[in-house]
$ cat data.tsv   # TSV, C-alpha atoms
chain	number	residue	atom	x	y	z
R	1	MET	CA	49.63	14.43	-68.33
R	2	THR	CA	47.86	17.50	-67.09
R	3	LEU	CA	44.91	15.44	-65.94
R	4	TRP	CA	47.27	13.18	-64.09
R	5	TRP	CA	48.73	16.13	-62.17
R	6	ILE	CA	45.24	17.38	-61.44
R	7	GLY	CA	44.41	13.93	-60.06
R	8	ASP	CA	47.50	14.00	-57.88
R	9	ALA	CA	46.56	17.39	-56.56
R	10	VAL	CA	43.07	16.23	-55.72
R	11	LEU	CA	44.44	13.13	-54.06
R	12	LEU	CA	46.88	15.04	-51.89
R	13	LEU	CA	44.83	18.12	-51.13
R	14	VAL	CA	41.36	16.62	-50.81
R	15	ILE	CA	41.29	12.85	-50.38
R	16	VAL	CA	44.14	12.52	-47.87
R	17	PRO	CA	42.84	15.28	-45.52
R	18	VAL	CA	39.33	13.90	-45.69
R	19	VAL	CA	40.51	10.37	-44.89
R	20	VAL	CA	42.67	11.61	-42.02
R	21	TYR	CA	39.86	13.76	-40.67
R	22	LEU	CA	37.35	10.91	-40.69
R	23	LEU	CA	39.72	8.37	-39.17
R	24	ARG	CA	40.78	10.82	-36.48
R	25	GLY	CA	37.13	11.43	-35.60
R	26	VAL	CA	36.55	7.70	-35.19
R	27	LEU	CA	39.63	7.38	-32.99
R	28	GLU	CA	38.66	10.29	-30.76
R	29	ALA	CA	35.16	8.86	-30.35
R	30	ALA	CA	36.59	5.52	-29.32
R	31	ARG	CA	38.96	7.20	-26.88
R	32	SER	CA	36.12	9.21	-25.35
R	33	ILE	CA	34.20	6.02	-24.59
R	34	VAL	CA	36.97	4.47	-22.50
R	35	PRO	CA	36.72	6.79	-19.44
R	36	SER	CA	32.94	6.40	-19.44
R	37	VAL	CA	33.18	2.62	-19.46
R	38	GLU	CA	35.77	2.69	-16.69
R	39	GLY	CA	33.50	4.97	-14.66
R	40	ILE	CA	30.54	2.65	-15.17
R	41	ALA	CA	32.66	-0.33	-14.11
R	42	ALA	CA	33.73	1.45	-10.93
R	43	THR	CA	30.12	2.44	-10.21
R	44	ALA	CA	28.87	-1.10	-10.74
R	45	ALA	CA	31.54	-2.43	-8.38
R	46	ALA	CA	30.59	0.15	-5.75
R	47	GLY	CA	26.89	-0.66	-6.19
R	48	SER	CA	27.61	-4.34	-5.77
R	49	LYS	CA	29.57	-3.60	-2.62
R	50	ASP	CA	26.71	-1.49	-1.25
R	51	LEU	CA	24.40	-4.45	-1.67
R	52	ASP	CA	26.53	-6.65	0.58
R	53	ALA	CA	24.17	-5.74	3.42
R	54	ALA	CA	21.13	-6.98	1.49
R	55	ALA	CA	21.62	-10.42	3.04
R	56	LEU	CA	20.91	-8.86	6.44
R	57	LEU	CA	17.34	-8.29	5.27
R	58	LEU	CA	16.68	-11.91	6.16
R	59	THR	CA	17.64	-11.11	9.75
R	60	THR	CA	15.46	-8.00	9.60
R	61	GLN	CA	12.58	-10.13	8.38
R	62	ASP	CA	12.95	-12.53	11.30
R	63	GLN	CA	13.22	-9.69	13.79
R	64	ALA	CA	10.17	-7.96	12.30
R	65	ALA	CA	8.18	-11.17	12.62
R	66	GLN	CA	9.29	-11.60	16.24
R	67	THR	CA	8.49	-7.95	17.00
R	68	VAL	CA	5.02	-8.19	15.49
R	69	ALA	CA	4.42	-11.42	17.41
R	70	GLY	CA	5.48	-9.68	20.62
R	71	VAL	CA	3.24	-6.73	19.83
R	72	ALA	CA	0.37	-9.14	19.19
R	73	ASN	CA	0.90	-10.81	22.57
R	74	TYR	CA	1.18	-7.45	24.29
R	75	GLY	CA	-1.92	-6.21	22.50
R	76	GLY	CA	-3.81	-9.30	23.57
R	77	SER	CA	-2.87	-8.66	27.17
R	78	LEU	CA	-3.88	-5.00	26.89
R	79	ASP	CA	-7.14	-6.08	25.34
R	80	VAL	CA	-7.84	-8.10	28.47
R	81	ILE	CA	-6.79	-5.64	31.19
R	82	VAL	CA	-7.94	-2.33	29.65
R	83	ASP	CA	-11.57	-1.53	29.36
R	84	ASP	CA	-13.06	-0.85	25.97
R	85	ALA	CA	-14.02	2.68	25.06
R	86	GLU	CA	-17.54	3.72	25.94
R	87	GLU	CA	-19.78	3.77	22.92
R	88	GLY	CA	-21.72	6.83	22.14
Y	1	MET	CA	64.79	1.10	-62.90
Y	2	VAL	CA	61.05	0.59	-62.62
Y	3	ILE	CA	60.60	3.92	-60.86
Y	4	ALA	CA	62.63	5.60	-63.50
Y	5	ALA	CA	60.14	4.41	-66.09
Y	6	ILE	CA	57.21	6.00	-64.20
Y	7	PRO	CA	56.53	9.61	-64.89
Y	8	ALA	CA	56.77	12.15	-62.10
Y	9	ALA	CA	53.00	12.45	-61.81
Y	10	GLY	CA	52.78	8.71	-61.23
Y	11	VAL	CA	55.39	8.87	-58.48
Y	12	VAL	CA	53.43	11.62	-56.76
Y	13	MET	CA	50.29	9.50	-56.95
Y	14	LEU	CA	52.12	6.53	-55.46
Y	15	VAL	CA	53.33	8.69	-52.60
Y	16	ALA	CA	49.80	9.95	-52.01
Y	17	VAL	CA	48.39	6.45	-51.94
Y	18	LEU	CA	51.16	5.40	-49.58
Y	19	LEU	CA	50.26	8.29	-47.26
Y	20	ILE	CA	46.62	7.25	-47.31
Y	21	VAL	CA	47.52	3.65	-46.46
Y	22	LEU	CA	49.79	4.78	-43.61
Y	23	ALA	CA	47.06	6.99	-42.22
Y	24	LEU	CA	44.59	4.13	-42.43
Y	25	VAL	CA	46.97	1.79	-40.63
Y	26	TYR	CA	47.77	4.25	-37.85
Y	27	PHE	CA	44.23	5.34	-37.10
Y	28	LEU	CA	42.62	1.94	-37.51
Y	29	VAL	CA	45.17	0.26	-35.24
Y	30	SER	CA	44.68	2.98	-32.64
Y	31	THR	CA	40.93	2.52	-32.92
Y	32	ILE	CA	41.30	-1.23	-32.45
Y	33	VAL	CA	43.37	-0.67	-29.31
Y	34	GLN	CA	40.71	1.64	-27.86
Y	35	LEU	CA	37.91	-0.80	-28.73
Y	36	ARG	CA	39.79	-3.57	-26.92
Y	37	ARG	CA	40.03	-1.37	-23.83
Y	38	ILE	CA	36.30	-0.69	-24.11
Y	39	ALA	CA	35.57	-4.40	-24.35
Y	40	ALA	CA	37.68	-5.08	-21.24
Y	41	GLY	CA	35.86	-2.33	-19.38
Y	42	LEU	CA	32.49	-3.72	-20.41
Y	43	ASP	CA	33.52	-7.12	-19.09
Y	44	GLU	CA	34.08	-5.53	-15.67
Y	45	VAL	CA	30.73	-3.76	-15.95
Y	46	ILE	CA	28.95	-7.01	-16.76
Y	47	ALA	CA	30.60	-8.72	-13.78
Y	48	GLY	CA	29.56	-5.89	-11.45
Y	49	VAL	CA	26.02	-5.76	-12.78
Y	50	GLY	CA	25.77	-9.53	-12.45
Y	51	GLU	CA	26.70	-9.26	-8.77
Y	52	ILE	CA	24.12	-6.52	-8.30
Y	53	VAL	CA	21.42	-8.64	-9.89
Y	54	GLU	CA	22.41	-11.66	-7.83
Y	55	LYS	CA	22.49	-9.76	-4.54
Y	56	SER	CA	19.28	-7.81	-5.13
Y	57	ALA	CA	17.26	-10.80	-6.34
Y	58	PRO	CA	15.78	-11.75	-2.92
Y	59	VAL	CA	15.29	-8.14	-1.79
Y	60	ASN	CA	11.84	-7.74	-3.31
Y	61	GLY	CA	10.36	-10.81	-1.67
Y	62	VAL	CA	11.95	-10.12	1.70
Y	63	VAL	CA	10.85	-6.48	1.74
Y	64	ASN	CA	7.32	-7.47	0.76
Y	65	ALA	CA	7.24	-10.03	3.57
Y	66	ILE	CA	8.50	-7.43	6.06
Y	67	ASN	CA	5.88	-4.96	4.87
Y	68	GLU	CA	3.13	-7.55	5.24
Y	69	GLN	CA	4.23	-8.30	8.80
Y	70	LEU	CA	4.46	-4.62	9.67
Y	71	ASP	CA	1.05	-4.00	8.08
Y	72	ALA	CA	-0.40	-6.71	10.29
Y	73	GLY	CA	1.21	-5.08	13.32
Y	74	VAL	CA	-0.10	-1.64	12.36
Y	75	ASP	CA	-3.60	-3.01	11.81
Y	76	LEU	CA	-3.45	-4.74	15.16
Y	77	LEU	CA	-2.32	-1.64	17.05
Y	78	GLU	CA	-4.75	0.65	15.25
Y	79	GLY	CA	-7.62	-1.72	15.95
Y	80	LEU	CA	-6.63	-2.01	19.61
Y	81	LEU	CA	-6.29	1.75	19.93
Y	82	VAL	CA	-9.71	2.39	18.40
Y	83	LYS	CA	-11.27	-0.33	20.53
Y	84	LYS	CA	-9.82	0.94	23.80
Y	85	ALA	CA	-9.73	4.70	23.31
Y	86	GLY	CA	-12.51	5.20	20.82
Y	87	LEU	CA	-12.09	6.61	17.34
Y	88	SER	CA	-12.04	10.27	18.39
Y	89	ASP	CA	-9.47	9.89	21.17
Y	90	ALA	CA	-7.39	7.54	19.04
Y	91	ILE	CA	-7.07	10.22	16.37
Y	92	GLY	CA	-6.25	12.76	19.07
Y	93	LEU	CA	-3.53	10.54	20.53
Y	94	ILE	CA	-2.00	9.92	17.11
Y	95	ASP	CA	-2.11	13.63	16.36
Y	96	SER	CA	-0.40	14.38	19.67
Y	97	VAL	CA	2.45	11.96	19.05
Y	98	TYR	CA	2.84	12.77	15.36
Y	99	PRO	CA	1.48	16.27	14.78
Y	100	GLY	CA	-0.60	16.37	11.63
Y	101	ALA	CA	-0.78	12.60	11.30
Y	102	GLY	CA	-4.30	12.55	12.65
Y	103	ALA	CA	-5.58	14.13	9.45
Y	104	ALA	CA	-4.40	11.09	7.49
Y	105	GLY	CA	-6.64	8.89	9.62
Y	106	LEU	CA	-6.40	5.15	10.14
Y	107	ARG	CA	-6.02	2.74	7.26
Y	108	LYS	CA	-8.70	0.31	8.33
Y	109	VAL	CA	-11.15	3.02	9.37
Y	110	PRO	CA	-11.96	5.19	6.36
Y	111	GLU	CA	-14.25	7.48	8.34
Y	112	SER	CA	-11.34	8.39	10.63
Y	113	THR	CA	-10.24	11.07	8.18
Y	114	GLU	CA	-13.39	13.01	9.01
Y	115	VAL	CA	-12.77	12.97	12.77
Y	116	VAL	CA	-11.62	16.23	14.32
Y	117	ALA	CA	-8.74	15.50	16.68
Y	118	PRO	CA	-9.77	16.37	20.26
Y	119	ARG	CA	-7.63	18.24	22.75
Y	120	ILE	CA	-4.85	16.05	23.96
Y	121	GLY	CA	-5.52	16.88	27.62
Y	122	GLU	CA	-8.60	14.69	27.59
Y	123	VAL	CA	-6.60	11.76	26.29
Y	124	TYR	CA	-3.93	12.13	28.96
Y	125	THR	CA	-6.52	12.36	31.70
Y	126	LYS	CA	-8.19	9.15	30.64
Y	127	GLY	CA	-4.83	7.47	30.30
Y	128	THR	CA	-3.86	8.53	33.80
Y	129	LEU	CA	-7.09	7.17	35.19
Y	130	THR	CA	-6.59	3.94	33.31
Y	131	LEU	CA	-3.11	3.50	34.76
Y	132	ALA	CA	-4.44	4.30	38.21
Y	133	ARG	CA	-7.08	1.63	37.83
Y	134	LEU	CA	-4.38	-0.88	36.93
Y	135	GLY	CA	-3.16	-0.85	40.53
Y	136	ARG	CA	-0.25	1.52	40.94
Y	137	GLU	CA	-1.46	2.37	44.44
Y	138	ALA	CA	-1.82	6.00	43.56
Y	139	PRO	CA	-4.30	8.12	45.51
Y	140	ILE	CA	-6.12	8.74	42.29
Y	141	ALA	CA	-7.09	5.10	42.20
Y	142	ALA	CA	-9.55	5.76	44.93
Y	143	ALA	CA	-10.92	8.88	43.30
Y	144	SER	CA	-13.85	8.96	41.00
Y	145	PRO	CA	-13.03	9.07	37.31
Y	146	ALA	CA	-15.73	11.65	36.97
Y	147	GLY	CA	-13.89	14.06	39.27
Y	148	GLN	CA	-11.79	17.08	38.54
Y	149	VAL	CA	-9.43	17.05	35.61
Y	150	LEU	CA	-6.10	15.92	37.00
Y	151	ARG	CA	-3.73	17.23	34.38
Y	152	ASN	CA	-2.58	20.75	35.09
Y	153	VAL	CA	-1.21	22.33	31.96
Y	154	GLU	CA	1.01	24.78	33.83
Y	155	GLY	CA	2.32	22.37	36.43
Y	156	GLY	CA	1.56	19.02	34.92
Y	157	SER	CA	4.73	17.34	36.18
Y	158	LEU	CA	4.18	18.34	39.81
Y	159	ALA	CA	0.54	17.35	39.64
Y	160	ALA	CA	1.49	13.95	38.36
Y	161	ARG	CA	4.19	13.44	41.01
Y	162	GLN	CA	1.83	14.43	43.80
Y	163	LEU	CA	-0.23	11.38	42.97
Y	164	TYR	CA	2.43	9.18	44.54
Y	165	PRO	CA	3.45	8.93	48.23
Y	166	SER	CA	7.02	10.10	47.63
Y	167	VAL	CA	8.11	13.23	49.48
Y	168	ARG	CA	10.87	14.23	47.09
Y	169	HIS	CA	8.64	16.65	45.20
Y	170	THR	CA	8.25	18.68	48.42
Y	171	SER	CA	12.02	19.37	48.40
Y	172	PRO	CA	12.67	18.43	52.08
Y	173	GLU	CA	15.99	19.43	53.69
Y	174	ASN	CA	16.83	15.91	54.75
Y	175	LEU	CA	15.62	12.71	53.29
Y	176	PRO	CA	15.61	9.51	55.35
Y	177	LYS	CA	18.99	7.84	55.19
Y	178	SER	CA	19.40	4.42	53.77
Y	179	PRO	CA	19.27	1.68	56.42
Y	180	VAL	CA	22.53	0.05	57.50
Y	181	ILE	CA	22.49	-3.71	57.33
Y	182	GLY	CA	24.93	-6.41	58.39
Y	183	THR	CA	26.54	-7.55	61.61
Y	184	ASP	CA	27.85	-4.03	62.34
Y	185	ALA	CA	24.48	-2.40	61.84
Y	186	PRO	CA	23.32	-0.17	64.73
Y	187	VAL	CA	19.97	-1.88	64.72
Y	188	GLN	CA	20.05	-5.65	64.97
Y	189	TYR	CA	16.89	-7.57	64.34
Y	190	GLU	CA	16.23	-10.73	66.22
Y	191	GLN	CA	15.93	-13.76	64.12
Y	192	ARG	CA	12.52	-15.28	64.36
Y	193	ASP	CA	12.47	-18.91	65.29
Y	194	ASP	CA	9.43	-19.70	63.26
Y	195	ILE	CA	11.09	-18.78	59.96
Y	196	GLY	CA	12.11	-21.95	58.20
Y	197	ALA	CA	10.31	-24.15	60.70
Y	198	PRO	CA	7.49	-26.44	59.60
Y	199	ARG	CA	4.13	-24.75	59.29
Y	200	LYS	CA	1.81	-25.12	62.16
Y	201	ARG	CA	-1.09	-27.33	61.30
Y	202	ARG	CA	-4.50	-26.69	62.60
Y	203	PRO	CA	-6.11	-29.54	64.47
Y	204	ILE	CA	-8.40	-31.59	62.36
Y	205	GLY	CA	-11.97	-30.76	63.21
Y	206	ARG	CA	-14.41	-33.50	63.91
Y	207	SER	CA	-17.77	-33.41	62.29

$ encode --input "data.tsv" --output "structure tokens"
Amino acid sequence: MTLWWIGDAVLLLVIVPVVVYLLRGVLEAARSIVPSVEGIAATAAAGSKDLDAAALLLTTQDQAAQTVAGVANYGGSLDVIVDDAEEG
Amino acid sequence: MVIAAIPAAGVVMLVAVLLIVLALVYFLVSTIVQLRRIAAGLDEVIAGVGEIVEKSAPVNGVVNAINEQLDAGVDLLEGLLVKKAGLSDAIGLIDSVYPGAGAAGLRKVPESTEVVAPRIGEVYTKGTLTLARLGREAPIAAASPAGQVLRNVEGGSLAARQLYPSVRHTSPENLPKSPVIGTDAPVQYEQRDDIGAPRKRRPIGRS
């Protein structure tokens, strides 16, 4: 009977606190992840929204090509009307 | 009746086990709820990242194409500048527009990094002469390019304006007024009869 009481004491004073401590640690860890995940989700949404203008790069590409073509035409005209530098 | 048959130590043990089970249920259910919230949040993250990947997929190719076109433009302009101004003056002009950039040199001309940028006044003078040669009807056009340096550092603006026939740089008290035109104008010009008439033809010469 004495051993039985000793077992009860161990169960109540050691096992139960240890189990509660471990389970509480797991729960707090899980709770701490939630704000981080929500922050990452908000950041990903904002990043996706920032990239809405990426489609305009196609317009930029066309305009860059037209600008370079204009510069090439202008350079060709300058090449004709401006004398070359004197060598030496 | 069953509990009455269990000794007190056994009842205490049952209570302890019951406490452990309750603690397990409470904490594990709470953990499950939090994990479900995490899973829902990760679903939103995956959706957002998927949009980012989808939107940024063509960026690399487009930016590379733009860079290639701009590189071609830069090569063209650098080549034209070196051809027309010479390597030394080209570096001087670049260094005057972007101070310090002349030390970096030109991409297609490796030896340009060894060129010492000349004084910018020489570049301006040659540029002025070049523009004058292009037919702006400036008095300098008739001058010899080998003449006196035209750019005055202290009064460069006035020196440049004096090249043109305008009198505004002399700060006159009265400038000529704008002419009045129309039917009420003080000066009426006679309309020439030959304007709009058929051109006069020269008589055909006989050989």

$ atom_distance --input "data.tsv" --atom1 "atom CA of Ala39 of chain Y" --atom2 "atom CA of Val19 of chain R"
25.8 Å

$ interface_residues --input "data.tsv" --of "chain Y" --to "chain R" --cutoff "9 Å" --atoms "all atoms listed in the file" --output "CSV table (one decimal) with C-alpha atoms, keeping the file's coordinate frame"
chain,number,residue,atom,x,y,z
Y,8,ALA,CA,56.8,12.2,-62.1
Y,9,ALA,CA,53.0,12.4,-61.8
Y,10,GLY,CA,52.8,8.7,-61.2
Y,12,VAL,CA,53.4,11.6,-56.8
Y,13,MET,CA,50.3,9.5,-57.0
Y,16,ALA,CA,49.8,10.0,-52.0
Y,17,VAL,CA,48.4,6.4,-51.9
Y,19,LEU,CA,50.3,8.3,-47.3
Y,20,ILE,CA,46.6,7.2,-47.3
Y,23,ALA,CA,47.1,7.0,-42.2
Y,24,LEU,CA,44.6,4.1,-42.4
Y,27,PHE,CA,44.2,5.3,-37.1
Y,28,LEU,CA,42.6,1.9,-37.5
Y,30,SER,CA,44.7,3.0,-32.6
Y,31,THR,CA,40.9,2.5,-32.9
Y,32,ILE,CA,41.3,-1.2,-32.4
Y,34,GLN,CA,40.7,1.6,-27.9
Y,35,LEU,CA,37.9,-0.8,-28.7
Y,37,ARG,CA,40.0,-1.4,-23.8
Y,38,ILE,CA,36.3,-0.7,-24.1
Y,39,ALA,CA,35.6,-4.4,-24.4
Y,41,GLY,CA,35.9,-2.3,-19.4
Y,42,LEU,CA,32.5,-3.7,-20.4
Y,43,ASP,CA,33.5,-7.1,-19.1
Y,44,GLU,CA,34.1,-5.5,-15.7
Y,45,VAL,CA,30.7,-3.8,-16.0
Y,46,ILE,CA,29.0,-7.0,-16.8
Y,47,ALA,CA,30.6,-8.7,-13.8
Y,48,GLY,CA,29.6,-5.9,-11.4
Y,49,VAL,CA,26.0,-5.8,-12.8
Y,50,GLY,CA,25.8,-9.5,-12.4
Y,51,GLU,CA,26.7,-9.3,-8.8
Y,52,ILE,CA,24.1,-6.5,-8.3
Y,53,VAL,CA,21.4,-8.6,-9.9
Y,55,LYS,CA,22.5,-9.8,-4.5
Y,56,SER,CA,19.3,-7.8,-5.1
Y,58,PRO,CA,15.8,-11.8,-2.9
Y,59,VAL,CA,15.3,-8.1,-1.8
Y,62,VAL,CA,12.0,-10.1,1.7
Y,63,VAL,CA,10.8,-6.5,1.7
Y,65,ALA,CA,7.2,-10.0,3.6
Y,66,ILE,CA,8.5,-7.4,6.1
Y,69,GLN,CA,4.2,-8.3,8.8
Y,70,LEU,CA,4.5,-4.6,9.7
Y,72,ALA,CA,-0.4,-6.7,10.3
Y,73,GLY,CA,1.2,-5.1,13.3
Y,74,VAL,CA,-0.1,-1.6,12.4
Y,76,LEU,CA,-3.4,-4.7,15.2
Y,77,LEU,CA,-2.3,-1.6,17.0
Y,80,LEU,CA,-6.6,-2.0,19.6
Y,82,VAL,CA,-9.7,2.4,18.4
Y,83,LYS,CA,-11.3,-0.3,20.5
Y,84,LYS,CA,-9.8,0.9,23.8
Y,85,ALA,CA,-9.7,4.7,23.3
Y,86,GLY,CA,-12.5,5.2,20.8
Y,87,LEU,CA,-12.1,6.6,17.3
Y,130,THR,CA,-6.6,3.9,33.3
Y,134,LEU,CA,-4.4,-0.9,36.9

$ atom_distance --input "data.tsv" --atom1 "atom CA of Ala90 of chain Y" --atom2 "atom CA of Asp71 of chain Y"
18.0 Å

$ atom_distance --input "data.tsv" --atom1 "atom CA of Leu106 of chain Y" --atom2 "atom CA of Ile91 of chain Y"
8.1 Å

$ residues_around --input "data.tsv" --residues "Glu114 of chain Y" --least-positions-apart "5" --cutoff "10 Å" --atoms "all atoms listed in the file" --output "number ranges by chain"
Y: 88, 102-105

$ write_last_selection --input "data.tsv" --atoms "C-alpha atoms" --output "PDB file, in the coordinates of the input"
ATOM      1  CA  SER Y  88     -12.040  10.270  18.390  1.00  0.00           C
ATOM      2  CA  GLY Y 102      -4.300  12.550  12.650  1.00  0.00           C
ATOM      3  CA  ALA Y 103      -5.580  14.130   9.450  1.00  0.00           C
ATOM      4  CA  ALA Y 104      -4.400  11.090   7.490  1.00  0.00           C
ATOM      5  CA  GLY Y 105      -6.640   8.890   9.620  1.00  0.00           C
TER       6      GLY Y 105
END
